[in-house]
Amino acid sequence: MPRLQQAGPSEFWKKVLKRFVLIFIIGLFLNWSPFIKWSDDHLVFKHWVDPSNPESGIRILGVLQRIALAYLFASILVFFTKTKLTFFLSCTLLLLYWIITVAFGASGDPYSLQGFFGTQLDIDLMGVAHVYKGEGVPFDPEGLGSTLPAVVQVVFGYFVGQYIQQKGKNYEMLSNLLLAGIVMALGGLMWGELFPINKKIWTSSYVLYTTGLATMTIGVFIYLIEFRQASGAWSKFFDVFGKNPLFIFVLSGFLPRVVAMFRWTDHVADDGKVVYTSAFNWFYKNVCDPISADPRNGSLLYAVLIVSMYWFIAYLLDRKRFTSKCRLRIAKAAKTLTGYSYSFF
């Protein structure tokens with residue numbers, strides 16, 4: 001941000017808008033991929049809106065889209081306002097979100113999925129076909145309404161990083177960082193008595209509480225790695241994910257959907273309907289689930305093995321510097337096509 005402030009508004013808009021668009025488009029691609037689906041025994045194209053069901057379609061928002069929107073508006077706030085004003089506006093937005101949630105939500109039930117004001121806002125602006133339905137009702141956990149406090153959380157993260165850079169590696173910085181984390185976490189818990197901590201609608205108390213936890217966590221790791229020089233194999237394990245977070249996130253969503261296209265008959269149900277399975281489902285059902293009568297143990301084993309698989313993929317790519325080479329090739333191709341230079345993340 002300091003470099004962008006020195007370069008001026010035109011460079012700021014170029015950098016921030018490009019990053020916003022790229023992350024948003026990648027998220028939308030992930031929702032739409034692999035662009036085909038099974039319908040009975042036929043593979044059909046995934047339409048933007050399903051012709052046979054106008055309430056079903058491609059979800060517009062998602063985790064990456066939330067990151068893109070929060071990054072965009074947090075960047076604008078930080079770039080065009082002074083630090084004190086940015087902090088004041090951020091706190092005001094959290095209070096305003098509380099007021100809006102209560103005032104425009106369902107009377108007596110403003111914090112439920114159906115009663116949350118943002119649910120109807122998403123349906124009105126995007127259409128029910130493009131809203132997430134994994135909760136059993138049309139409700140988007142990364143919806144437009146709850147993006148407002150998410151923007152503030154990005155700003156708070158910026159403040160934490162700015163403070164660490166300005167103060168440098170010393171115990172005053174570390175103690176203040178941990179103290180700030182404790183204060184925010186406790187503040188979030190107390191606020192949660194009035195405005196419940198709720199991840200689904202990203203309440204202001206949730207923002208304060210989780211920002212406090214994150215601040216304490218980064219303080220602990222700074223102490224262990226920077227002060228005690230305790231890094232080693234355990235920290236290098238996390239380096240792999242840290243170097244390729246976007247790639248791994250996209251792969252973890254894309255790969256199961258592609259694999260699910262290759263299915264086979266598992267059994268025939270009592271009503272005569274064929275039940276299919278695919279590689280990931282088969283692996284969980286036949287390898288992980290049987291290890292224990294408690295299904296939680298099989299679920300834990302599956303999660304550990306899947307995370308380990310993605311780590312190994314990322315490790316191999318990191319050894320070959322695959323992602324760096326891909327970014328370079330994409331940038332060269334984009335320059336050839338448009339005549340402009342790009343830097344992708």
# chains A, B, ... in the order shown; residues from 1 in each chain; ligands from 1
$ closest_atom_pairs --of "segment 119-184 of chain A" --to "segment 209-218 of chain A" --cutoff "12 Å" --atoms "only C-alpha atoms" --output "tab-separated table"
residue	atom	partner	partner_atom	distance
A:Pro149	CA	A:Thr211	CA	11.5
A:Ala150	CA	A:Thr211	CA	10.6
A:Val152	CA	A:Thr211	CA	10.1
A:Gln153	CA	A:Thr211	CA	6.9
A:Val154	CA	A:Thr211	CA	9.3
A:Val155	CA	A:Thr211	CA	10.4
A:Phe156	CA	A:Thr211	CA	7.4
A:Gly157	CA	A:Thr211	CA	7.5
A:Tyr158	CA	A:Thr211	CA	11.2
A:Phe159	CA	A:Thr215	CA	10.5
A:Val160	CA	A:Thr215	CA	7.3
A:Gly161	CA	A:Thr215	CA	9.7
A:Tyr163	CA	A:Thr215	CA	11.4
A:Ile164	CA	A:Ile218	CA	10.3
A:Met173	CA	A:Ile218	CA	12.0
A:Leu174	CA	A:Met216	CA	9.5
A:Ser175	CA	A:Met216	CA	9.9
A:Asn176	CA	A:Met216	CA	10.1
A:Leu177	CA	A:Thr215	CA	6.7
A:Leu178	CA	A:Met216	CA	5.1
A:Leu179	CA	A:Met216	CA	8.0
A:Ala180	CA	A:Gly212	CA	7.1
A:Gly181	CA	A:Gly212	CA	3.9
A:Ile182	CA	A:Gly212	CA	6.0
A:Val183	CA	A:Gly212	CA	7.1
A:Met184	CA	A:Gly212	CA	4.6
$ write_last_selection --atoms "N, CA, C and O atoms" --output "short mmCIF file (atom, residue, chain, number, x, y, z; two decimals), in the first residue's frame"
data_model
loop_
_atom_site.label_atom_id
_atom_site.label_comp_id
_atom_site.auth_asym_id
_atom_site.auth_seq_id
_atom_site.Cartn_x
_atom_site.Cartn_y
_atom_site.Cartn_z
N PRO A 149 -19.06 -6.39 7.12
CA PRO A 149 -18.12 -6.61 8.23
C PRO A 149 -16.85 -7.34 7.79
O PRO A 149 -15.81 -7.19 8.43
N ALA A 150 -16.93 -8.13 6.71
CA ALA A 150 -15.72 -8.81 6.21
C ALA A 150 -14.70 -7.79 5.71
O ALA A 150 -13.49 -7.99 5.83
N VAL A 152 -14.25 -4.87 6.99
CA VAL A 152 -13.62 -4.35 8.21
C VAL A 152 -12.56 -5.32 8.72
O VAL A 152 -11.49 -4.91 9.18
N GLN A 153 -12.82 -6.61 8.60
CA GLN A 153 -11.85 -7.60 9.08
C GLN A 153 -10.55 -7.51 8.27
O GLN A 153 -9.46 -7.67 8.82
N VAL A 154 -10.66 -7.27 6.98
CA VAL A 154 -9.46 -7.08 6.16
C VAL A 154 -8.70 -5.83 6.61
O VAL A 154 -7.46 -5.84 6.70
N VAL A 155 -9.43 -4.76 6.91
CA VAL A 155 -8.79 -3.52 7.38
C VAL A 155 -8.05 -3.78 8.69
O VAL A 155 -6.91 -3.32 8.87
N PHE A 156 -8.68 -4.50 9.61
CA PHE A 156 -8.01 -4.83 10.88
C PHE A 156 -6.75 -5.64 10.63
O PHE A 156 -5.72 -5.43 11.29
N GLY A 157 -6.81 -6.57 9.69
CA GLY A 157 -5.62 -7.33 9.34
C GLY A 157 -4.52 -6.44 8.80
O GLY A 157 -3.34 -6.64 9.09
N TYR A 158 -4.91 -5.45 8.01
CA TYR A 158 -3.95 -4.48 7.48
C TYR A 158 -3.29 -3.71 8.63
O TYR A 158 -2.07 -3.50 8.63
N PHE A 159 -4.09 -3.29 9.61
CA PHE A 159 -3.54 -2.55 10.75
C PHE A 159 -2.53 -3.39 11.52
O PHE A 159 -1.48 -2.89 11.95
N VAL A 160 -2.83 -4.67 11.69
CA VAL A 160 -1.91 -5.56 12.40
C VAL A 160 -0.59 -5.67 11.64
O VAL A 160 0.49 -5.54 12.22
N GLY A 161 -0.67 -5.91 10.34
CA GLY A 161 0.55 -5.99 9.54
C GLY A 161 1.33 -4.69 9.53
O GLY A 161 2.57 -4.69 9.61
N TYR A 163 1.37 -2.41 11.86
CA TYR A 163 1.98 -2.22 13.18
C TYR A 163 3.25 -3.06 13.32
O TYR A 163 4.28 -2.58 13.81
N ILE A 164 3.19 -4.31 12.87
CA ILE A 164 4.37 -5.18 12.95
C ILE A 164 5.53 -4.60 12.14
O ILE A 164 6.69 -4.60 12.58
N MET A 173 6.64 -4.66 20.61
CA MET A 173 5.70 -4.96 19.54
C MET A 173 4.93 -6.24 19.86
O MET A 173 3.70 -6.31 19.73
N LEU A 174 5.67 -7.26 20.29
CA LEU A 174 5.06 -8.57 20.53
C LEU A 174 4.04 -8.50 21.67
O LEU A 174 2.92 -9.03 21.55
N SER A 175 4.40 -7.84 22.77
CA SER A 175 3.49 -7.76 23.91
C SER A 175 2.24 -6.96 23.57
O SER A 175 1.13 -7.33 23.95
N ASN A 176 2.42 -5.86 22.83
CA ASN A 176 1.26 -5.06 22.42
C ASN A 176 0.36 -5.83 21.46
O ASN A 176 -0.87 -5.71 21.49
N LEU A 177 0.99 -6.64 20.60
CA LEU A 177 0.23 -7.45 19.65
C LEU A 177 -0.64 -8.47 20.39
O LEU A 177 -1.84 -8.62 20.11
N LEU A 178 -0.04 -9.16 21.34
CA LEU A 178 -0.77 -10.16 22.11
C LEU A 178 -1.87 -9.51 22.96
O LEU A 178 -2.97 -10.04 23.07
N LEU A 179 -1.56 -8.36 23.54
CA LEU A 179 -2.55 -7.64 24.34
C LEU A 179 -3.73 -7.21 23.49
O LEU A 179 -4.90 -7.36 23.90
N ALA A 180 -3.44 -6.69 22.30
CA ALA A 180 -4.51 -6.27 21.39
C ALA A 180 -5.39 -7.46 21.01
O ALA A 180 -6.62 -7.34 20.94
N GLY A 181 -4.75 -8.60 20.78
CA GLY A 181 -5.51 -9.80 20.44
C GLY A 181 -6.43 -10.23 21.56
O GLY A 181 -7.60 -10.59 21.33
N ILE A 182 -5.92 -10.18 22.79
CA ILE A 182 -6.74 -10.56 23.95
C ILE A 182 -7.92 -9.61 24.11
O ILE A 182 -9.05 -10.04 24.34
N VAL A 183 -7.65 -8.30 23.99
CA VAL A 183 -8.70 -7.30 24.14
C VAL A 183 -9.79 -7.49 23.09
O VAL A 183 -11.00 -7.44 23.39
N MET A 184 -9.38 -7.72 21.82
CA MET A 184 -10.38 -7.90 20.76
C MET A 184 -11.19 -9.17 20.97
O MET A 184 -12.41 -9.18 20.77
#
$ residues_around --residues "segment 129-145 of chain A" --least-positions-apart "4" --cutoff "6 Å" --atoms "only C-alpha atoms" --output "PDB file with all heavy atoms, in the first residue's frame"
ATOM      1  N   GLU A  55     -35.140 -21.879 -10.683  1.00  0.00           N
ATOM      2  CA  GLU A  55     -34.595 -21.525  -9.365  1.00  0.00           C
ATOM      3  C   GLU A  55     -33.235 -22.157  -9.118  1.00  0.00           C
ATOM      4  O   GLU A  55     -32.673 -22.027  -8.037  1.00  0.00           O
ATOM      5  CB  GLU A  55     -35.578 -21.941  -8.265  1.00  0.00           C
ATOM      6  CG  GLU A  55     -36.870 -21.133  -8.270  1.00  0.00           C
ATOM      7  CD  GLU A  55     -37.688 -21.354  -7.021  1.00  0.00           C
ATOM      8  OE1 GLU A  55     -37.323 -22.257  -6.223  1.00  0.00           O
ATOM      9  OE2 GLU A  55     -38.682 -20.627  -6.826  1.00  0.00           O
ATOM     10  N   SER A  56     -32.694 -22.835 -10.121  1.00  0.00           N
ATOM     11  CA  SER A  56     -31.383 -23.473 -10.013  1.00  0.00           C
ATOM     12  C   SER A  56     -30.442 -22.890 -11.061  1.00  0.00           C
ATOM     13  O   SER A  56     -30.831 -22.695 -12.212  1.00  0.00           O
ATOM     14  CB  SER A  56     -31.512 -24.980 -10.208  1.00  0.00           C
ATOM     15  OG  SER A  56     -30.243 -25.607 -10.158  1.00  0.00           O
ATOM     16  N   GLY A  57     -29.236 -22.589 -10.649  1.00  0.00           N
ATOM     17  CA  GLY A  57     -28.259 -22.029 -11.583  1.00  0.00           C
ATOM     18  C   GLY A  57     -26.881 -21.981 -10.964  1.00  0.00           C
ATOM     19  O   GLY A  57     -26.615 -22.626  -9.938  1.00  0.00           O
ATOM     20  N   ILE A  58     -25.992 -21.229 -11.583  1.00  0.00           N
ATOM     21  CA  ILE A  58     -24.619 -21.103 -11.101  1.00  0.00           C
ATOM     22  C   ILE A  58     -24.553 -20.072  -9.991  1.00  0.00           C
ATOM     23  O   ILE A  58     -25.034 -18.941 -10.138  1.00  0.00           O
ATOM     24  CB  ILE A  58     -23.673 -20.697 -12.249  1.00  0.00           C
ATOM     25  CG1 ILE A  58     -23.811 -21.680 -13.418  1.00  0.00           C
ATOM     26  CG2 ILE A  58     -22.230 -20.639 -11.758  1.00  0.00           C
ATOM     27  CD1 ILE A  58     -23.550 -23.120 -13.064  1.00  0.00           C
ATOM     28  N   ARG A  59     -23.958 -20.451  -8.882  1.00  0.00           N
ATOM     29  CA  ARG A  59     -23.790 -19.522  -7.763  1.00  0.00           C
ATOM     30  C   ARG A  59     -22.793 -18.425  -8.149  1.00  0.00           C
ATOM     31  O   ARG A  59     -21.708 -18.704  -8.662  1.00  0.00           O
ATOM     32  CB  ARG A  59     -23.287 -20.287  -6.543  1.00  0.00           C
ATOM     33  CG  ARG A  59     -23.130 -19.431  -5.288  1.00  0.00           C
ATOM     34  CD  ARG A  59     -22.453 -20.229  -4.196  1.00  0.00           C
ATOM     35  NE  ARG A  59     -22.242 -19.420  -2.999  1.00  0.00           N
ATOM     36  CZ  ARG A  59     -21.404 -19.741  -2.018  1.00  0.00           C
ATOM     37  NH1 ARG A  59     -20.708 -20.869  -2.101  1.00  0.00           N
ATOM     38  NH2 ARG A  59     -21.265 -18.961  -0.968  1.00  0.00           N
ATOM     39  N   ILE A  60     -23.165 -17.185  -7.890  1.00  0.00           N
ATOM     40  CA  ILE A  60     -22.307 -16.064  -8.259  1.00  0.00           C
ATOM     41  C   ILE A  60     -21.231 -15.813  -7.212  1.00  0.00           C
ATOM     42  O   ILE A  60     -20.065 -15.566  -7.546  1.00  0.00           O
ATOM     43  CB  ILE A  60     -23.147 -14.790  -8.472  1.00  0.00           C
ATOM     44  CG1 ILE A  60     -24.051 -14.946  -9.707  1.00  0.00           C
ATOM     45  CG2 ILE A  60     -22.253 -13.560  -8.629  1.00  0.00           C
ATOM     46  CD1 ILE A  60     -24.986 -13.785  -9.939  1.00  0.00           C
ATOM     47  N   GLY A  62     -19.043 -16.633  -3.425  1.00  0.00           N
ATOM     48  CA  GLY A  62     -18.299 -17.738  -2.853  1.00  0.00           C
ATOM     49  C   GLY A  62     -17.145 -17.205  -2.030  1.00  0.00           C
ATOM     50  O   GLY A  62     -17.009 -15.992  -1.826  1.00  0.00           O
ATOM     51  N   ARG A  66     -15.843 -13.427  -2.024  1.00  0.00           N
ATOM     52  CA  ARG A  66     -15.856 -12.657  -0.783  1.00  0.00           C
ATOM     53  C   ARG A  66     -14.499 -12.012  -0.531  1.00  0.00           C
ATOM     54  O   ARG A  66     -14.403 -10.841  -0.167  1.00  0.00           O
ATOM     55  CB  ARG A  66     -16.261 -13.587   0.378  1.00  0.00           C
ATOM     56  CG  ARG A  66     -15.927 -13.114   1.794  1.00  0.00           C
ATOM     57  CD  ARG A  66     -16.660 -11.856   2.214  1.00  0.00           C
ATOM     58  NE  ARG A  66     -18.093 -11.991   2.237  1.00  0.00           N
ATOM     59  CZ  ARG A  66     -18.812 -12.498   3.242  1.00  0.00           C
ATOM     60  NH1 ARG A  66     -18.203 -12.959   4.326  1.00  0.00           N
ATOM     61  NH2 ARG A  66     -20.120 -12.538   3.173  1.00  0.00           N
ATOM     62  N   GLY A 118     -29.779  -9.903   4.759  1.00  0.00           N
ATOM     63  CA  GLY A 118     -28.972 -10.139   3.569  1.00  0.00           C
ATOM     64  C   GLY A 118     -29.495 -11.236   2.678  1.00  0.00           C
ATOM     65  O   GLY A 118     -29.194 -11.264   1.480  1.00  0.00           O
ATOM     66  N   THR A 119     -30.296 -12.154   3.237  1.00  0.00           N
ATOM     67  CA  THR A 119     -30.844 -13.251   2.434  1.00  0.00           C
ATOM     68  C   THR A 119     -31.737 -12.721   1.327  1.00  0.00           C
ATOM     69  O   THR A 119     -31.570 -13.068   0.149  1.00  0.00           O
ATOM     70  CB  THR A 119     -31.631 -14.223   3.328  1.00  0.00           C
ATOM     71  OG1 THR A 119     -30.753 -14.771   4.317  1.00  0.00           O
ATOM     72  CG2 THR A 119     -32.230 -15.350   2.501  1.00  0.00           C
ATOM     73  N   LYS A 200     -22.100 -17.597   9.993  1.00  0.00           N
ATOM     74  CA  LYS A 200     -22.923 -17.653   8.783  1.00  0.00           C
ATOM     75  C   LYS A 200     -23.285 -16.262   8.280  1.00  0.00           C
ATOM     76  O   LYS A 200     -23.297 -16.021   7.067  1.00  0.00           O
ATOM     77  CB  LYS A 200     -24.200 -18.462   9.041  1.00  0.00           C
ATOM     78  CG  LYS A 200     -23.967 -19.919   9.358  1.00  0.00           C
ATOM     79  CD  LYS A 200     -23.406 -20.676   8.161  1.00  0.00           C
ATOM     80  CE  LYS A 200     -23.256 -22.155   8.476  1.00  0.00           C
ATOM     81  NZ  LYS A 200     -22.665 -22.904   7.348  1.00  0.00           N
TER      82      LYS A 200
END
$ closest_residue --among "A:Gly298, A:Gly8, A:Gly219, A:Pro196" --to "Lys169 of chain A" --atoms "only C-alpha atoms"
A:Gly219
$ residues_around --residues "Phe45 of chain A" --least-positions-apart "6" --cutoff "7 Å" --atoms "only C-alpha atoms" --output "list in words"
Phe35, Ile36 and Lys37 of chain A
$ write_last_selection --atoms "N, CA, C and O atoms" --output "mmCIF file, in the first residue's frame"
data_model
loop_
_atom_site.group_PDB
_atom_site.id
_atom_site.type_symbol
_atom_site.label_atom_id
_atom_site.label_comp_id
_atom_site.auth_asym_id
_atom_site.auth_seq_id
_atom_site.Cartn_x
_atom_site.Cartn_y
_atom_site.Cartn_z
ATOM 1 N N PHE A 35 -18.277 -27.432 -15.745
ATOM 2 C CA PHE A 35 -19.157 -26.983 -16.837
ATOM 3 C C PHE A 35 -20.083 -28.070 -17.377
ATOM 4 O O PHE A 35 -20.889 -27.816 -18.255
ATOM 5 N N ILE A 36 -19.969 -29.272 -16.854
ATOM 6 C CA ILE A 36 -20.899 -30.351 -17.213
ATOM 7 C C ILE A 36 -21.309 -31.067 -15.929
ATOM 8 O O ILE A 36 -20.620 -30.977 -14.908
ATOM 9 N N LYS A 37 -22.441 -31.764 -15.980
ATOM 10 C CA LYS A 37 -22.917 -32.506 -14.825
ATOM 11 C C LYS A 37 -23.735 -33.704 -15.299
ATOM 12 O O LYS A 37 -24.192 -33.754 -16.448
#
$ select_by_dssp --residues "segment 4-250 of chain A" --states "strand (DSSP E or B)" --output "ChimeraX atom specification"
/A:36-39,42-45,49,57
$ write_last_selection --atoms "all heavy atoms" --output "CSV table (one decimal), in the first residue's frame"
chain,number,residue,atom,x,y,z
A,36,ILE,N,-20.0,-29.3,-16.9
A,36,ILE,CA,-20.9,-30.4,-17.2
A,36,ILE,C,-21.3,-31.1,-15.9
A,36,ILE,O,-20.6,-31.0,-14.9
A,36,ILE,CB,-20.3,-31.4,-18.2
A,36,ILE,CG1,-19.0,-31.9,-17.7
A,36,ILE,CG2,-20.1,-30.8,-19.6
A,36,ILE,CD1,-18.4,-33.0,-18.5
A,37,LYS,N,-22.4,-31.8,-16.0
A,37,LYS,CA,-22.9,-32.5,-14.8
A,37,LYS,C,-23.7,-33.7,-15.3
A,37,LYS,O,-24.2,-33.8,-16.4
A,37,LYS,CB,-23.8,-31.6,-13.9
A,37,LYS,CG,-25.1,-31.1,-14.6
A,37,LYS,CD,-25.9,-30.3,-13.6
A,37,LYS,CE,-27.2,-29.9,-14.3
A,37,LYS,NZ,-28.1,-29.1,-13.4
A,38,TRP,N,-23.9,-34.7,-14.4
A,38,TRP,CA,-24.7,-35.8,-14.7
A,38,TRP,C,-26.2,-35.5,-14.5
A,38,TRP,O,-26.6,-34.9,-13.5
A,38,TRP,CB,-24.4,-37.0,-13.8
A,38,TRP,CG,-23.1,-37.7,-14.2
A,38,TRP,CD1,-21.9,-37.6,-13.6
A,38,TRP,CD2,-23.0,-38.6,-15.3
A,38,TRP,NE1,-21.0,-38.4,-14.3
A,38,TRP,CE2,-21.6,-39.0,-15.3
A,38,TRP,CE3,-23.8,-39.1,-16.3
A,38,TRP,CZ2,-21.1,-39.9,-16.2
A,38,TRP,CZ3,-23.3,-40.0,-17.2
A,38,TRP,CH2,-22.0,-40.4,-17.2
A,39,SER,N,-27.0,-35.7,-15.5
A,39,SER,CA,-28.5,-35.6,-15.4
A,39,SER,C,-29.1,-37.0,-15.8
A,39,SER,O,-29.0,-37.3,-17.0
A,39,SER,CB,-29.0,-34.5,-16.3
A,39,SER,OG,-30.4,-34.4,-16.2
A,42,HIS,N,-27.0,-39.0,-18.4
A,42,HIS,CA,-26.4,-38.2,-19.5
A,42,HIS,C,-25.6,-37.1,-18.9
A,42,HIS,O,-26.0,-36.5,-17.9
A,42,HIS,CB,-27.5,-37.7,-20.4
A,42,HIS,CG,-28.4,-38.7,-21.0
A,42,HIS,ND1,-28.0,-39.5,-22.0
A,42,HIS,CD2,-29.7,-39.1,-20.7
A,42,HIS,CE1,-29.0,-40.4,-22.3
A,42,HIS,NE2,-30.0,-40.2,-21.5
A,43,LEU,N,-24.5,-36.8,-19.5
A,43,LEU,CA,-23.8,-35.6,-19.2
A,43,LEU,C,-24.3,-34.4,-19.9
A,43,LEU,O,-24.5,-34.4,-21.2
A,43,LEU,CB,-22.3,-35.8,-19.6
A,43,LEU,CG,-21.4,-36.6,-18.6
A,43,LEU,CD1,-20.1,-36.9,-19.2
A,43,LEU,CD2,-21.3,-36.0,-17.2
A,44,VAL,N,-24.7,-33.3,-19.2
A,44,VAL,CA,-25.3,-32.1,-19.8
A,44,VAL,C,-24.5,-30.9,-19.4
A,44,VAL,O,-23.8,-30.9,-18.4
A,44,VAL,CB,-26.8,-32.0,-19.4
A,44,VAL,CG1,-27.6,-33.2,-19.9
A,44,VAL,CG2,-26.9,-31.8,-17.9
A,45,PHE,N,-24.6,-29.9,-20.2
A,45,PHE,CA,-23.9,-28.6,-19.9
A,45,PHE,C,-24.6,-27.9,-18.7
A,45,PHE,O,-25.8,-27.9,-18.5
A,45,PHE,CB,-24.0,-27.7,-21.1
A,45,PHE,CG,-23.4,-26.3,-20.9
A,45,PHE,CD1,-22.0,-26.2,-20.8
A,45,PHE,CD2,-24.1,-25.2,-20.8
A,45,PHE,CE1,-21.4,-25.0,-20.6
A,45,PHE,CE2,-23.6,-23.9,-20.6
A,45,PHE,CZ,-22.2,-23.8,-20.5
A,49,VAL,N,-28.6,-20.5,-15.9
A,49,VAL,CA,-29.8,-20.8,-15.2
A,49,VAL,C,-30.4,-22.1,-15.8
A,49,VAL,O,-30.5,-22.2,-17.1
A,49,VAL,CB,-30.9,-19.7,-15.4
A,49,VAL,CG1,-32.2,-20.1,-14.7
A,49,VAL,CG2,-30.3,-18.4,-14.7
A,57,GLY,N,-29.2,-22.6,-10.6
A,57,GLY,CA,-28.3,-22.0,-11.6
A,57,GLY,C,-26.9,-22.0,-11.0
A,57,GLY,O,-26.6,-22.6,-9.9
$ atom_distance --atom1 "atom CA of Phe254 of chain A" --atom2 "atom CA of Met309 of chain A"
14.3 Å
$ select_by_dssp --residues "segment 203-343 of chain A" --states "helix (DSSP H, G or I)" --output "ChimeraX atom specification"
/A:204-227,233-243,245-260,279-291,295-319,322-338
$ residues_around --residues "Ile306 of chain A" --least-positions-apart "6" --cutoff "12 Å" --atoms "only C-alpha atoms" --output "NGL selection string"
:A and (248 or 251-252 or 255-256 or 280 or 283-284 or 288 or 299-300 or 312-313)
$ atom_distance --atom1 "atom CA of Ala233 of chain A" --atom2 "atom CA of Phe221 of chain A"
14.4 Å
$ residues_around --residues "Tyr71 of chain A" --least-positions-apart "2" --cutoff "10 Å" --atoms "only C-alpha atoms" --output "list in words"
Val16, Leu17, Arg19, Phe20, Ile23, Gln65, Arg66, Ile67, Ala68, Leu69, Phe73, Ala74, Ser75, Ile76, Leu77, Ala150, Val151, Val152, Gln153, Val154 and Val155 of chain A
$ atom_distance --atom1 "atom CA of Gly242 of chain A" --atom2 "atom CA of Ala314 of chain A"
9.9 Å
